[in-house]
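One file, protein-v9.tsv, carrying TSV, C-alpha atoms and all ligand atoms:
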```tsv
chain	number	residue	atom	x	y	z
U	1	MET	CA	22.64	11.81	13.37
U	2	LEU	CA	20.87	14.67	11.62
U	3	ILE	CA	17.07	14.67	11.62
U	4	ASP	CA	16.29	15.79	8.10
U	5	LEU	CA	12.86	17.41	7.82
U	6	ARG	CA	13.56	19.45	4.70
U	7	SER	CA	11.50	17.20	2.45
U	8	ASP	CA	10.12	13.70	2.03
U	9	THR	CA	12.37	13.41	-1.03
U	10	VAL	CA	15.44	12.91	1.18
U	11	THR	CA	14.60	9.28	2.00
U	12	LYS	CA	17.16	6.71	0.92
U	13	PRO	CA	16.21	3.31	-0.48
U	14	SER	CA	16.16	0.67	2.25
U	15	ALA	CA	18.26	-2.50	2.04
U	16	GLU	CA	15.14	-4.50	1.06
U	17	MET	CA	14.27	-1.99	-1.65
U	18	ARG	CA	17.83	-2.13	-3.02
U	19	GLU	CA	17.59	-5.92	-3.03
U	20	VAL	CA	14.48	-5.96	-5.26
U	21	MET	CA	16.10	-3.34	-7.50
U	22	ALA	CA	19.15	-5.56	-7.92
U	23	GLN	CA	16.95	-8.55	-8.79
U	24	ALA	CA	14.68	-6.66	-11.23
U	25	ASN	CA	13.74	-8.26	-14.50
U	26	VAL	CA	14.60	-5.62	-17.12
U	27	GLY	CA	14.57	-4.84	-20.86
U	28	ASP	CA	14.85	-1.84	-23.15
U	29	ASP	CA	11.88	0.35	-22.30
U	30	VAL	CA	12.27	2.53	-25.42
U	31	TYR	CA	11.33	-0.68	-27.26
U	32	GLY	CA	8.57	-1.26	-24.70
U	33	GLU	CA	10.41	-4.35	-23.48
U	34	ASP	CA	10.95	-3.72	-19.80
U	35	PRO	CA	8.53	-6.08	-18.02
U	36	THR	CA	8.99	-4.47	-14.61
U	37	ILE	CA	8.18	-0.96	-15.82
U	38	ASN	CA	5.30	-2.18	-18.02
U	39	ALA	CA	3.78	-3.88	-14.99
U	40	LEU	CA	4.33	-0.77	-12.83
U	41	GLU	CA	2.63	1.50	-15.38
U	42	GLU	CA	-0.35	-0.86	-15.59
U	43	ARG	CA	-0.46	-1.25	-11.84
U	44	VAL	CA	-0.55	2.47	-11.06
U	45	ALA	CA	-3.14	3.09	-13.78
U	46	ALA	CA	-5.33	0.30	-12.38
U	47	LEU	CA	-5.10	1.69	-8.84
U	48	PHE	CA	-6.85	4.84	-10.09
U	49	GLY	CA	-9.16	3.07	-12.57
U	50	LYS	CA	-7.26	4.50	-15.54
U	51	GLU	CA	-6.30	2.70	-18.75
U	52	ALA	CA	-2.59	3.37	-19.00
U	53	GLY	CA	0.47	4.83	-17.31
U	54	LEU	CA	3.86	6.24	-18.22
U	55	PHE	CA	6.90	6.17	-15.94
U	56	THR	CA	8.85	9.43	-15.79
U	57	PRO	CA	12.09	10.33	-14.01
U	58	THR	CA	10.45	13.25	-12.16
U	59	GLY	CA	7.09	14.50	-11.03
U	60	SER	CA	7.75	17.71	-12.93
U	61	MET	CA	8.02	15.75	-16.17
U	62	ALA	CA	4.82	13.83	-15.38
U	63	ASN	CA	2.99	17.12	-14.71
U	64	GLN	CA	4.36	18.74	-17.83
U	65	LEU	CA	3.43	15.81	-20.04
U	66	GLY	CA	-0.02	15.79	-18.45
U	67	ILE	CA	-0.79	19.45	-19.06
U	68	ARG	CA	0.72	19.29	-22.53
U	69	LEU	CA	-1.82	16.59	-23.41
U	70	LEU	CA	-4.64	18.88	-22.36
U	71	VAL	CA	-3.46	22.32	-23.49
U	72	ASN	CA	-2.04	23.27	-26.90
U	73	PRO	CA	0.56	25.99	-27.48
U	74	GLY	CA	-1.03	29.40	-27.00
U	75	GLU	CA	-3.86	28.02	-24.89
U	76	GLU	CA	-4.40	28.45	-21.18
U	77	LEU	CA	-4.07	26.41	-18.00
U	78	LEU	CA	-5.54	27.63	-14.71
U	79	ALA	CA	-3.70	26.76	-11.50
U	80	GLU	CA	-3.53	27.93	-7.89
U	81	GLU	CA	-0.82	30.57	-7.45
U	82	ASP	CA	1.30	28.50	-5.07
U	83	ALA	CA	0.97	25.30	-7.10
U	84	HIS	CA	4.13	23.32	-7.83
U	85	ILE	CA	3.31	23.61	-11.54
U	86	VAL	CA	3.38	27.39	-11.18
U	87	ARG	CA	6.20	27.93	-8.69
U	88	ALA	CA	8.57	25.01	-8.87
U	89	GLU	CA	8.71	23.84	-12.48
U	90	LEU	CA	10.56	26.89	-13.73
U	91	GLY	CA	8.03	27.95	-16.33
U	92	ALA	CA	8.24	24.60	-18.10
U	93	GLY	CA	4.69	24.83	-19.43
U	94	ALA	CA	5.61	28.04	-21.24
U	95	ALA	CA	9.21	27.11	-22.06
U	96	HIS	CA	8.45	23.69	-23.57
U	97	GLY	CA	4.76	23.70	-24.36
U	98	GLY	CA	3.87	27.32	-25.18
U	99	ILE	CA	1.22	27.07	-22.46
U	100	THR	CA	-0.04	30.27	-20.89
U	101	THR	CA	-1.09	30.13	-17.25
U	102	ARG	CA	-3.46	32.18	-15.11
U	103	THR	CA	-3.61	31.66	-11.37
U	104	TRP	CA	-6.11	31.99	-8.56
U	105	TYR	CA	-5.34	32.42	-4.87
U	106	ALA	CA	-6.47	29.93	-2.26
U	107	ASN	CA	-5.82	30.16	1.48
U	108	ARG	CA	-3.46	27.26	2.32
U	109	GLY	CA	-3.99	26.02	-1.23
U	110	MET	CA	-7.44	24.75	-0.27
U	111	LEU	CA	-9.54	24.19	-3.37
U	112	ASP	CA	-12.75	26.16	-3.80
U	113	ALA	CA	-14.17	24.91	-7.09
U	114	GLN	CA	-15.81	28.25	-7.87
U	115	ALA	CA	-12.50	30.13	-7.96
U	116	PRO	CA	-11.12	28.59	-11.17
U	117	LEU	CA	-14.59	28.06	-12.68
U	118	LYS	CA	-15.32	31.81	-12.43
U	119	MET	CA	-12.02	32.66	-14.13
U	120	ALA	CA	-12.33	30.20	-16.97
U	121	ARG	CA	-12.80	31.52	-20.49
U	122	PRO	CA	-13.28	28.50	-22.74
U	123	ASN	CA	-13.74	28.92	-26.50
U	124	ALA	CA	-12.71	32.56	-26.34
U	125	GLY	CA	-12.64	32.88	-30.10
U	126	PRO	CA	-9.95	34.14	-32.47
U	127	TYR	CA	-8.86	37.23	-30.50
U	128	LEU	CA	-8.60	36.05	-26.90
U	129	VAL	CA	-6.82	33.20	-25.18
U	130	SER	CA	-8.97	30.13	-24.51
U	131	THR	CA	-8.85	28.22	-21.23
U	132	LYS	CA	-8.38	24.50	-21.81
U	133	ALA	CA	-7.61	22.90	-18.47
U	134	ILE	CA	-7.46	23.36	-14.71
U	135	ALA	CA	-4.76	21.87	-12.47
U	136	VAL	CA	-5.40	20.78	-8.88
U	137	GLU	CA	-2.71	19.84	-6.35
U	138	ASP	CA	-3.52	17.26	-3.67
U	139	THR	CA	-2.03	17.36	-1.14
U	140	HIS	CA	-1.03	20.99	-1.63
U	141	ASN	CA	2.67	21.27	-0.94
U	142	PHE	CA	3.27	25.00	-0.43
U	143	GLY	CA	-0.16	25.27	1.17
U	144	GLY	CA	1.25	23.16	4.03
U	145	GLY	CA	0.18	19.66	3.01
U	146	THR	CA	-3.45	20.69	2.62
U	147	VAL	CA	-5.76	17.81	1.77
U	148	GLN	CA	-8.41	18.75	-0.80
U	149	ASP	CA	-12.08	18.19	-0.12
U	150	ILE	CA	-13.38	15.52	-2.47
U	151	GLY	CA	-16.71	17.40	-2.65
U	152	GLN	CA	-14.90	20.43	-4.09
U	153	ILE	CA	-13.09	18.19	-6.57
U	154	ALA	CA	-16.42	16.69	-7.64
U	155	ALA	CA	-17.94	20.18	-7.98
U	156	LEU	CA	-14.95	21.32	-10.03
U	157	HIS	CA	-15.35	18.31	-12.28
U	158	ALA	CA	-19.06	18.99	-12.81
U	159	GLY	CA	-18.37	22.66	-13.59
U	160	ALA	CA	-15.45	21.84	-15.86
U	161	GLN	CA	-17.58	19.33	-17.79
U	162	GLU	CA	-20.15	22.02	-18.46
U	163	LEU	CA	-17.46	24.37	-19.74
U	164	GLY	CA	-15.68	21.69	-21.77
U	165	LEU	CA	-12.49	21.95	-19.68
U	166	ALA	CA	-10.16	19.12	-18.70
U	167	LEU	CA	-8.72	18.56	-15.23
U	168	HIS	CA	-5.15	17.58	-14.33
U	169	LEU	CA	-4.25	16.36	-10.87
U	170	ASP	CA	-0.78	17.02	-9.52
U	171	GLY	CA	-0.94	14.03	-7.21
U	172	ALA	CA	2.70	14.00	-6.12
U	173	ARG	CA	1.31	13.29	-2.63
U	174	ILE	CA	-2.10	11.88	-3.54
U	175	TRP	CA	-1.13	8.85	-1.44
U	176	ASN	CA	-1.06	11.09	1.63
U	177	ALA	CA	-4.48	12.54	0.73
U	178	HIS	CA	-5.84	9.00	0.28
U	179	ILE	CA	-4.54	7.91	3.68
U	180	ALA	CA	-5.63	11.13	5.43
U	181	THR	CA	-9.21	10.97	4.10
U	182	GLY	CA	-9.83	7.32	3.26
U	183	THR	CA	-10.96	8.43	-0.21
U	184	PRO	CA	-10.36	5.48	-2.56
U	185	LEU	CA	-7.76	6.14	-5.26
U	186	VAL	CA	-10.28	5.20	-7.97
U	187	GLU	CA	-12.44	8.09	-6.78
U	188	TYR	CA	-9.69	10.55	-7.79
U	189	GLY	CA	-9.39	8.71	-11.09
U	190	LYS	CA	-13.01	9.54	-11.94
U	191	TYR	CA	-12.52	13.30	-11.89
U	192	PHE	CA	-9.25	13.92	-13.67
U	193	GLU	CA	-8.24	13.34	-17.31
U	194	THR	CA	-4.58	13.14	-16.35
U	195	ILE	CA	-2.93	12.41	-12.99
U	196	SER	CA	0.72	12.54	-11.99
U	197	VAL	CA	1.86	10.62	-8.90
U	198	CYS	CA	5.28	10.49	-7.25
U	199	LEU	CA	6.95	7.33	-6.02
U	200	SER	CA	9.95	9.25	-4.71
U	201	LYS	CA	8.26	11.33	-2.00
U	202	GLY	CA	6.53	9.67	0.93
U	203	LEU	CA	6.64	6.26	-0.73
U	204	GLY	CA	10.42	6.24	-0.49
U	205	ALA	CA	11.57	5.21	-3.97
U	206	PRO	CA	14.80	6.92	-5.05
U	207	ILE	CA	13.47	8.12	-8.42
U	208	GLY	CA	10.25	8.04	-10.32
U	209	SER	CA	6.76	9.29	-11.04
U	210	VAL	CA	3.91	7.95	-13.16
U	211	LEU	CA	1.51	9.83	-15.42
U	212	ILE	CA	-1.82	8.07	-15.91
U	213	SER	CA	-4.66	8.68	-18.37
U	214	THR	CA	-6.34	6.95	-21.31
U	215	THR	CA	-4.39	4.58	-23.58
U	216	GLU	CA	-4.57	7.12	-26.39
U	217	GLN	CA	-3.31	10.02	-24.26
U	218	ILE	CA	-0.48	7.95	-22.80
U	219	GLN	CA	0.64	6.97	-26.31
U	220	ARG	CA	0.93	10.69	-27.08
U	221	ALA	CA	2.75	11.31	-23.79
U	222	ARG	CA	5.24	8.54	-24.61
U	223	VAL	CA	6.22	10.35	-27.81
U	224	TRP	CA	6.64	13.65	-25.96
U	225	ARG	CA	8.66	12.02	-23.21
U	226	LYS	CA	11.11	10.69	-25.80
U	227	ARG	CA	11.18	14.06	-27.53
U	228	LEU	CA	12.18	15.67	-24.23
U	229	GLY	CA	14.98	13.14	-23.82
U	230	GLY	CA	13.09	11.08	-21.26
U	231	GLY	CA	13.15	7.74	-23.10
U	232	MET	CA	14.91	5.35	-20.71
U	233	ARG	CA	16.38	1.90	-21.26
U	234	GLN	CA	16.61	-0.75	-18.48
U	235	VAL	CA	14.46	1.40	-16.23
U	236	GLY	CA	12.91	-1.60	-14.49
U	237	ILE	CA	15.70	-1.16	-11.94
U	238	LEU	CA	13.79	1.94	-10.83
U	239	GLY	CA	10.43	0.32	-11.50
U	240	ALA	CA	11.24	-2.41	-8.99
U	241	ALA	CA	11.72	0.26	-6.33
U	242	GLY	CA	8.32	1.64	-7.32
U	243	HIS	CA	6.66	-1.77	-6.91
U	244	PHE	CA	8.31	-2.17	-3.53
U	245	ALA	CA	7.10	1.29	-2.49
U	246	LEU	CA	3.51	0.47	-3.49
U	247	ASP	CA	3.66	-2.90	-1.72
U	248	ASN	CA	5.04	-1.58	1.54
U	249	ASN	CA	4.85	2.15	1.99
U	250	ILE	CA	1.32	3.44	1.41
U	251	ALA	CA	-0.49	2.48	4.63
U	252	ARG	CA	2.46	3.58	6.73
U	253	LEU	CA	2.00	7.20	5.63
U	254	ALA	CA	-0.44	7.45	8.55
U	255	GLU	CA	2.62	7.34	10.77
U	256	ASP	CA	4.15	10.31	8.95
U	257	HIS	CA	0.94	12.24	9.54
U	258	GLN	CA	1.15	11.38	13.22
U	259	LYS	CA	4.73	12.67	13.36
U	260	ALA	CA	3.63	15.92	11.72
U	261	GLN	CA	0.94	16.28	14.43
U	262	ILE	CA	3.56	15.81	17.13
U	263	LEU	CA	5.65	18.60	15.60
U	264	ALA	CA	2.67	20.90	15.07
U	265	GLU	CA	1.25	20.50	18.56
U	266	GLN	CA	4.50	21.09	20.36
U	267	ILE	CA	5.52	24.07	18.23
U	268	TYR	CA	2.00	25.48	18.67
U	269	SER	CA	2.38	25.39	22.43
U	270	ALA	CA	5.67	27.31	22.18
U	271	LEU	CA	4.51	29.84	19.56
U	272	PRO	CA	0.77	29.64	18.83
U	273	SER	CA	0.95	31.99	15.84
U	274	ALA	CA	3.40	29.66	14.05
U	275	VAL	CA	1.00	26.85	13.21
U	276	ASP	CA	-2.53	25.65	13.83
U	277	PRO	CA	-2.37	21.89	14.43
U	278	LYS	CA	-5.88	21.57	12.96
U	279	HIS	CA	-4.49	22.78	9.64
U	280	VAL	CA	-1.83	20.09	9.60
U	281	GLN	CA	-3.61	17.37	7.67
U	282	SER	CA	-0.80	15.25	6.27
U	283	ASN	CA	3.00	15.06	6.51
U	284	ILE	CA	3.84	18.74	6.02
U	285	VAL	CA	4.03	21.39	8.75
U	286	GLY	CA	4.22	24.94	7.45
U	287	LEU	CA	5.49	27.41	10.05
U	288	SER	CA	4.62	31.08	9.87
U	289	LEU	CA	7.19	33.24	11.65
U	290	ALA	CA	5.33	36.49	10.99
U	291	GLU	CA	4.95	37.08	14.74
U	292	SER	CA	8.38	35.82	15.73
U	293	HIS	CA	11.62	37.75	15.90
U	294	LEU	CA	13.17	34.93	13.96
U	295	THR	CA	13.38	34.75	10.20
U	296	ALA	CA	13.02	31.35	8.59
U	297	ALA	CA	16.76	31.41	7.84
U	298	ASP	CA	17.51	32.12	11.54
U	299	LEU	CA	15.32	29.22	12.62
U	300	ALA	CA	16.86	26.86	10.06
U	301	ALA	CA	20.38	27.84	11.12
U	302	ALA	CA	19.65	27.43	14.84
U	303	ALA	CA	17.89	24.08	14.27
U	304	LYS	CA	20.80	22.84	12.19
U	305	LYS	CA	23.17	23.53	15.07
U	306	SER	CA	21.05	21.19	17.15
U	307	GLY	CA	20.98	18.53	14.44
U	308	VAL	CA	17.63	19.25	12.77
U	309	LEU	CA	17.39	20.26	9.12
U	310	ILE	CA	14.33	22.24	8.04
U	311	GLY	CA	13.38	24.18	4.92
U	312	ALA	CA	13.33	27.99	4.84
U	313	LEU	CA	10.95	28.50	1.93
U	314	GLY	CA	10.21	32.17	2.45
U	315	PRO	CA	11.62	35.00	4.57
U	316	ARG	CA	9.13	34.13	7.34
U	317	TYR	CA	7.96	30.70	6.23
U	318	ALA	CA	9.62	27.44	7.20
U	319	ARG	CA	8.56	23.92	6.25
U	320	LEU	CA	8.95	20.62	8.07
U	321	VAL	CA	8.19	17.40	6.24
U	322	THR	CA	8.00	14.00	7.91
U	323	HIS	CA	8.87	10.78	6.11
U	324	LEU	CA	9.90	7.18	6.55
U	325	ASP	CA	13.49	7.94	7.49
U	326	VAL	CA	12.42	9.92	10.59
U	327	THR	CA	11.16	7.93	13.56
U	328	ILE	CA	8.42	9.04	15.95
U	329	GLU	CA	11.15	9.42	18.57
U	330	GLN	CA	13.12	11.72	16.27
U	331	ALA	CA	9.97	13.72	15.51
U	332	ARG	CA	9.54	14.26	19.27
U	333	GLU	CA	13.18	15.27	19.58
U	334	ALA	CA	12.92	17.70	16.66
U	335	ALA	CA	9.68	19.13	18.09
U	336	GLU	CA	11.48	19.80	21.37
U	337	ILE	CA	14.46	21.44	19.65
U	338	ILE	CA	12.37	23.69	17.39
U	339	SER	CA	9.98	24.65	20.21
U	340	THR	CA	12.89	25.66	22.39
U	341	ILE	CA	14.32	27.90	19.66
U	342	VAL	CA	11.04	29.64	18.83
U	343	ARG	CA	10.19	30.08	22.55
U	344	GLU	CA	13.56	31.58	23.49
U	345	ARG	CA	13.60	34.38	20.96
U	401	LIG	C1	7.76	17.15	-5.53
U	401	LIG	C2	6.56	17.61	-6.25
U	401	LIG	C3	6.43	17.42	-7.63
U	401	LIG	C4	7.49	16.78	-8.49
U	401	LIG	O1	8.76	17.16	-8.20
U	401	LIG	P1	10.05	16.51	-8.90
U	401	LIG	O2	11.13	17.03	-8.06
U	401	LIG	O3	10.06	17.04	-10.28
U	401	LIG	O4	9.90	15.03	-8.88
U	401	LIG	C5	5.26	17.82	-8.23
U	401	LIG	N1	4.28	18.38	-7.51
U	401	LIG	C6	4.37	18.57	-6.18
U	401	LIG	C7	3.22	19.17	-5.46
U	401	LIG	C8	5.51	18.20	-5.51
U	401	LIG	O5	5.60	18.41	-4.20
```
Represent the structure of the file as structure tokens.
Amino acid sequence: MLIDLRSDTVTKPSAEMREVMAQANVGDDVYGEDPTINALEERVAALFGKEAGLFTPTGSMANQLGIRLLVNPGEELLAEEDAHIVRAELGAGAAHGGITTRTWYANRGMLDAQAPLKMARPNAGPYLVSTKAIAVEDTHNFGGGTVQDIGQIAALHAGAQELGLALHLDGARIWNAHIATGTPLVEYGKYFETISVCLSKGLGAPIGSVLISTTEQIQRARVWRKRLGGGMRQVGILGAAGHFALDNNIARLAEDHQKAQILAEQIYSALPSAVDPKHVQSNIVGLSLAESHLTAADLAAAAKKSGVLIGALGPRYARLVTHLDVTIEQAREAAEIISTIVRER
């Protein structure tokens, strides 16, 4: 049995989840008649104290709809340079929305509110591009699962208010941040105009994200989703998986964080320069191989031979992600295998 630590997207729906999907009450969602998806959209919005939600097939679509609501063609979004919106959505903001992006750098993706606030140029007049919104990622994926400080988020919100800028949260793993910090979900809802959340990462649903905002903004997003070909029909089949994920799989993320600690601590003792366990705050373990003879591809290939799949995301950067289809026992086994490889070379 392979231990797959490439991503928390690799989870497969459990038998119980498939059962509720099979039983789902459905209708045509393009007509607004799918009761399961309507309830899911309302439920996710309510969790964050928002008015309305919109189910999307991917987190990328939820992000793109979110930033499109806040930034018009030819206007500017600020984002951290390793943000998913910048690196992993293939220029969608520019390709579909005419959005221009400027980035700031943050060590491990950790938000310092002053960085984007200093760069912002709102109301830049007729000759220069105007900043309209700032995107924050929590937890920060390519930063190594970094959990943002709520004080920095609050400071960013205060500064953005003064400048007349909107905030978007890429909350693909906001559930992990919530569990890691105990920050209530409604607290995040206070600071961001638009929030995207994934049901298909740590929560274990096969497909699905939700964009949440005001009723008016979500009505606009619904039109754009259809325009992009994202109007879905009996989508309550997927919505039921989302409800199941929210019912059962939020609190248990603490276990995934524990598994990540197990991996980080053991790999640290074999190769201290690879990872600082203190920096592992959620379910992602980023490994730096800068001081190893191994490249990330070497490590991934050697681990695969021993039955562990990991991600080689850069020449010297590997990523391990824990999730509900990896047991604590398997995390220990993978930690042993990876430690042995990095120690030997
Ligand atoms: C996975 C992820 C998304 C969404 O990805 P999709 O594959 O489009 O669902 C968005 N943001 C972050 C930070 C992610 O890790």
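Minimum atom-to-atom distance to ligand LIG 401 (chain U), evaluated using only C-alpha atoms and all ligand atoms, belongs to U:Ala83 out of U:Ala83, U:Ile338, U:Ala106, U:Val26.
Near Arg252 in chain U, within 9 Å and counting only C-alpha atoms, sit Ile179, Leu203, Asn248, Asn249, Glu255, Asp256 and Leu324 of chain U, not including residues fewer than 3 positions from it in the same chain.
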Within 9 Å of Ala290 in chain U, counting all atoms listed in the file, which residues qualify if same-chain residues fewer than 3 places away don't, as a PyMOL selection string?
chain U and resi 273-274+293-295+316-317
At a cut-off of 7 Å, can you tabulate as a tab-separated table every residue of chain U near ligand LIG 401 (chain U) together with its closest atom pair and the distance in Å to one decimal, using only C-alpha atoms and all ligand atoms and ordering rows by chain then number?
```
residue	atom	partner	partner_atom	distance
U:Thr58	CA	U:LIG401	O4	3.8
U:Gly59	CA	U:LIG401	C4	3.4
U:Ser60	CA	U:LIG401	O3	3.6
U:Met61	CA	U:LIG401	O3	6.4
U:Asn63	CA	U:LIG401	C5	6.9
U:Ala83	CA	U:LIG401	C7	6.7
U:His84	CA	U:LIG401	C7	4.9
U:Ile85	CA	U:LIG401	N1	6.7
U:Glu137	CA	U:LIG401	C7	6.0
U:His140	CA	U:LIG401	C7	6.0
U:Asn141	CA	U:LIG401	C7	5.0
U:Asp170	CA	U:LIG401	N1	5.6
U:Gly171	CA	U:LIG401	N1	6.8
U:Ala172	CA	U:LIG401	N1	4.9
U:Arg173	CA	U:LIG401	C7	6.8
U:Cys198	CA	U:LIG401	O4	6.7
U:Lys201	CA	U:LIG401	C1	6.8
U:Ser209	CA	U:LIG401	O4	6.9
```
From U:Val235, U:Leu65, U:Leu77, U:Leu90, residue lying nearest Val30 in chain U [only C-alpha atoms]
U:Val235
Could you please determine the separation between CA of Ala221 in chain U and CA of Leu69 in chain U in Å, to one decimal place?
7.0 Å
Looking at U:Ile212, U:Ala254, U:Ala155, U:Leu40, which one is nearest to Pro116 in chain U, with distances taken over all atoms listed in the file?
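The shortest atom-to-atom distance to Pro116 in chain U comes from U:Ala155.
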